$ cat coords06.cif   # mmCIF, N, CA and C atoms
data_protein
#
loop_
_atom_site.label_atom_id
_atom_site.label_comp_id
_atom_site.auth_asym_id
_atom_site.auth_seq_id
_atom_site.Cartn_x
_atom_site.Cartn_y
_atom_site.Cartn_z
N MET A 1 57.59 105.07 138.41
CA MET A 1 58.25 105.01 137.13
C MET A 1 57.58 103.92 136.29
N LYS A 2 57.23 104.25 135.08
CA LYS A 2 56.59 103.29 134.18
C LYS A 2 57.62 102.69 133.23
N ARG A 3 57.41 101.43 132.93
CA ARG A 3 58.28 100.76 131.97
C ARG A 3 57.68 100.95 130.59
N ARG A 4 58.50 101.33 129.65
CA ARG A 4 58.02 101.53 128.28
C ARG A 4 58.42 100.36 127.40
N GLY A 5 57.54 100.01 126.50
CA GLY A 5 57.86 98.99 125.51
C GLY A 5 58.04 97.61 126.10
N LYS A 6 58.65 96.76 125.33
CA LYS A 6 58.91 95.38 125.72
C LYS A 6 60.16 95.31 126.60
N ALA A 7 60.27 94.21 127.31
CA ALA A 7 61.46 94.02 128.14
C ALA A 7 62.71 93.97 127.26
N TRP A 8 62.61 93.28 126.14
CA TRP A 8 63.72 93.17 125.19
C TRP A 8 63.20 93.57 123.82
N GLU A 9 63.79 94.56 123.25
CA GLU A 9 63.40 94.97 121.91
C GLU A 9 64.54 94.64 120.96
N GLU A 10 64.17 94.12 119.81
CA GLU A 10 65.18 93.79 118.81
C GLU A 10 65.67 95.07 118.15
N MET A 11 66.97 95.16 118.04
CA MET A 11 67.58 96.32 117.42
C MET A 11 68.66 95.83 116.47
N LYS A 12 68.58 96.23 115.23
CA LYS A 12 69.57 95.80 114.25
C LYS A 12 70.57 96.91 114.03
N MET A 13 71.85 96.54 114.11
CA MET A 13 72.92 97.49 113.87
C MET A 13 73.88 96.89 112.87
N PRO A 14 73.89 97.40 111.66
CA PRO A 14 74.83 96.87 110.67
C PRO A 14 76.27 97.18 111.08
N ALA A 15 77.15 96.23 110.82
CA ALA A 15 78.56 96.43 111.17
C ALA A 15 79.45 95.66 110.20
N SER A 16 80.54 96.28 109.83
CA SER A 16 81.58 95.64 109.04
C SER A 16 82.84 95.64 109.90
N ILE A 17 83.48 94.47 110.00
CA ILE A 17 84.62 94.32 110.90
C ILE A 17 85.79 93.69 110.16
N GLY A 18 86.97 94.23 110.37
CA GLY A 18 88.20 93.65 109.85
C GLY A 18 89.04 93.19 111.02
N ILE A 19 89.49 91.94 110.97
CA ILE A 19 90.24 91.36 112.08
C ILE A 19 91.63 90.96 111.60
N ALA A 20 92.65 91.34 112.35
CA ALA A 20 94.02 90.94 112.06
C ALA A 20 94.50 90.02 113.18
N VAL A 21 95.19 88.96 112.81
CA VAL A 21 95.70 88.00 113.79
C VAL A 21 97.19 88.25 114.00
N ALA A 22 97.57 88.44 115.25
CA ALA A 22 98.97 88.68 115.58
C ALA A 22 99.75 87.37 115.54
N SER A 23 100.97 87.45 115.06
CA SER A 23 101.88 86.30 115.06
C SER A 23 103.26 86.80 115.48
N ASP A 24 104.23 85.93 115.48
CA ASP A 24 105.58 86.35 115.86
C ASP A 24 106.12 87.41 114.90
N GLU A 25 105.76 87.31 113.61
CA GLU A 25 106.24 88.27 112.62
C GLU A 25 105.39 89.55 112.60
N ASN A 26 104.13 89.43 112.95
CA ASN A 26 103.19 90.56 112.86
C ASN A 26 102.73 91.00 114.24
N ARG A 27 103.60 91.65 114.98
CA ARG A 27 103.22 92.07 116.33
C ARG A 27 103.17 93.58 116.48
N ASP A 28 103.74 94.33 115.55
CA ASP A 28 103.76 95.77 115.74
C ASP A 28 102.43 96.39 115.30
N PHE A 29 102.09 97.52 115.90
CA PHE A 29 100.81 98.17 115.70
C PHE A 29 100.54 98.48 114.22
N ASP A 30 101.51 99.07 113.54
CA ASP A 30 101.29 99.49 112.16
C ASP A 30 100.96 98.32 111.25
N THR A 31 101.65 97.20 111.42
CA THR A 31 101.38 96.01 110.60
C THR A 31 99.99 95.46 110.89
N LEU A 32 99.64 95.32 112.17
CA LEU A 32 98.32 94.79 112.53
C LEU A 32 97.21 95.72 112.08
N TYR A 33 97.40 97.01 112.25
CA TYR A 33 96.39 97.98 111.83
C TYR A 33 96.19 97.92 110.32
N GLY A 34 97.28 97.81 109.58
CA GLY A 34 97.19 97.71 108.12
C GLY A 34 96.45 96.46 107.68
N LYS A 35 96.73 95.34 108.32
CA LYS A 35 96.06 94.09 107.97
C LYS A 35 94.57 94.14 108.34
N ALA A 36 94.25 94.73 109.48
CA ALA A 36 92.85 94.88 109.87
C ALA A 36 92.11 95.79 108.89
N ASP A 37 92.78 96.83 108.43
CA ASP A 37 92.18 97.75 107.46
C ASP A 37 91.93 97.04 106.13
N GLN A 38 92.87 96.21 105.69
CA GLN A 38 92.68 95.41 104.47
C GLN A 38 91.50 94.47 104.62
N ALA A 39 91.40 93.84 105.78
CA ALA A 39 90.30 92.91 106.04
C ALA A 39 88.96 93.66 106.03
N LEU A 40 88.93 94.84 106.61
CA LEU A 40 87.70 95.65 106.61
C LEU A 40 87.31 96.01 105.18
N TYR A 41 88.27 96.39 104.37
CA TYR A 41 88.01 96.73 102.97
C TYR A 41 87.41 95.53 102.23
N ARG A 42 87.96 94.35 102.46
CA ARG A 42 87.42 93.13 101.82
C ARG A 42 85.99 92.86 102.27
N THR A 43 85.72 93.07 103.55
CA THR A 43 84.36 92.89 104.07
C THR A 43 83.39 93.82 103.36
N GLU A 44 83.78 95.08 103.21
CA GLU A 44 82.91 96.05 102.56
C GLU A 44 82.71 95.73 101.08
N GLN A 45 83.72 95.17 100.43
CA GLN A 45 83.59 94.77 99.03
C GLN A 45 82.59 93.63 98.87
N LYS A 46 82.47 92.79 99.90
CA LYS A 46 81.55 91.64 99.85
C LYS A 46 80.11 92.05 100.14
N GLY A 47 79.88 93.30 100.50
CA GLY A 47 78.52 93.74 100.72
C GLY A 47 78.24 94.23 102.13
N LYS A 48 79.25 94.44 102.92
CA LYS A 48 79.10 94.96 104.28
C LYS A 48 78.38 93.98 105.20
N ASN A 49 78.19 94.42 106.43
CA ASN A 49 77.50 93.62 107.45
C ASN A 49 78.11 92.24 107.63
N GLY A 50 79.41 92.19 107.82
CA GLY A 50 80.08 90.92 108.04
C GLY A 50 81.46 91.16 108.62
N PHE A 51 82.29 90.12 108.54
CA PHE A 51 83.66 90.26 109.03
C PHE A 51 84.60 89.45 108.15
N THR A 52 85.86 89.85 108.16
CA THR A 52 86.91 89.15 107.44
C THR A 52 88.12 89.07 108.37
N VAL A 53 88.76 87.91 108.40
CA VAL A 53 89.97 87.72 109.20
C VAL A 53 91.16 87.67 108.26
N CYS A 54 92.14 88.51 108.52
CA CYS A 54 93.36 88.54 107.72
C CYS A 54 94.50 88.01 108.58
N PRO A 55 95.07 86.87 108.21
CA PRO A 55 96.15 86.29 109.03
C PRO A 55 97.43 87.12 109.00
#
$ encode --input "coords06.cif" --output "structure tokens"
Amino acid sequence: MKRRGKAWEEMKMPASIGIAVASDENRDFDTLYGKADQALYRTEQKGKNGFTVCP
């Protein structure tokens, strides 16, 4: 078996991530999902390829 290419090849994968932080008031799925979706939308408005945390 021959090895192809370099041992480690750089690969760029653009990603936009929205993060919601759970608290005592925000523990149910629908609330957290909604906040994560809002955070993702804000990330995409800023130009993508990043992340936003929504408390």
$ residues_around --input "coords06.cif" --residues "A:Lys46" --least-positions-apart "6" --cutoff "12 Å" --atoms "only C-alpha atoms" --output "PDB file with N, CA and C atoms, in the coordinates of the input"
ATOM      1  N   SER A  16      80.540  96.280 109.830  1.00  0.00           N
ATOM      2  CA  SER A  16      81.580  95.640 109.040  1.00  0.00           C
ATOM      3  C   SER A  16      82.840  95.640 109.900  1.00  0.00           C
ATOM      4  N   ILE A  17      83.480  94.470 110.000  1.00  0.00           N
ATOM      5  CA  ILE A  17      84.620  94.320 110.900  1.00  0.00           C
ATOM      6  C   ILE A  17      85.790  93.690 110.160  1.00  0.00           C
ATOM      7  N   ALA A  39      91.400  93.840 105.780  1.00  0.00           N
ATOM      8  CA  ALA A  39      90.300  92.910 106.040  1.00  0.00           C
ATOM      9  C   ALA A  39      88.960  93.660 106.030  1.00  0.00           C
ATOM     10  N   LEU A  40      88.930  94.840 106.610  1.00  0.00           N
ATOM     11  CA  LEU A  40      87.700  95.650 106.610  1.00  0.00           C
ATOM     12  C   LEU A  40      87.310  96.010 105.180  1.00  0.00           C
ATOM     13  N   THR A  52      85.860  89.850 108.160  1.00  0.00           N
ATOM     14  CA  THR A  52      86.910  89.150 107.440  1.00  0.00           C
ATOM     15  C   THR A  52      88.120  89.070 108.370  1.00  0.00           C
TER      16      THR A  52
END
$ atom_distance --input "coords06.cif" --atom1 "atom N of A:Glu44" --atom2 "atom CA of A:Ala15"
9.6 Å
$ select_by_dssp --input "coords06.cif" --residues "chain A" --states "strand (DSSP E or B)" --output "PyMOL selection string"
chain A and resi 17-20+51-54
$ closest_residue --input "coords06.cif" --among "A:Glu9, A:Gln45, A:Pro55, A:Ala20" --to "A:Tyr33" --atoms "all atoms listed in the file"
A:Ala20
$ atom_distance --input "coords06.cif" --atom1 "atom C of A:Arg42" --atom2 "atom CA of A:Ile19"
10.8 Å
$ atom_distance --input "coords06.cif" --atom1 "atom CA of A:Gly50" --atom2 "atom C of A:Glu10"
18.1 Å
$ select_by_dssp --input "coords06.cif" --residues "chain A" --states "alpha helix (DSSP H)" --output "list in words"
Phe29, Asp30, Thr31, Leu32, Tyr33, Gly34, Lys35, Ala36, Asp37, Gln38, Ala39, Leu40, Tyr41, Arg42, Thr43, Glu44 and Gln45 of chain A
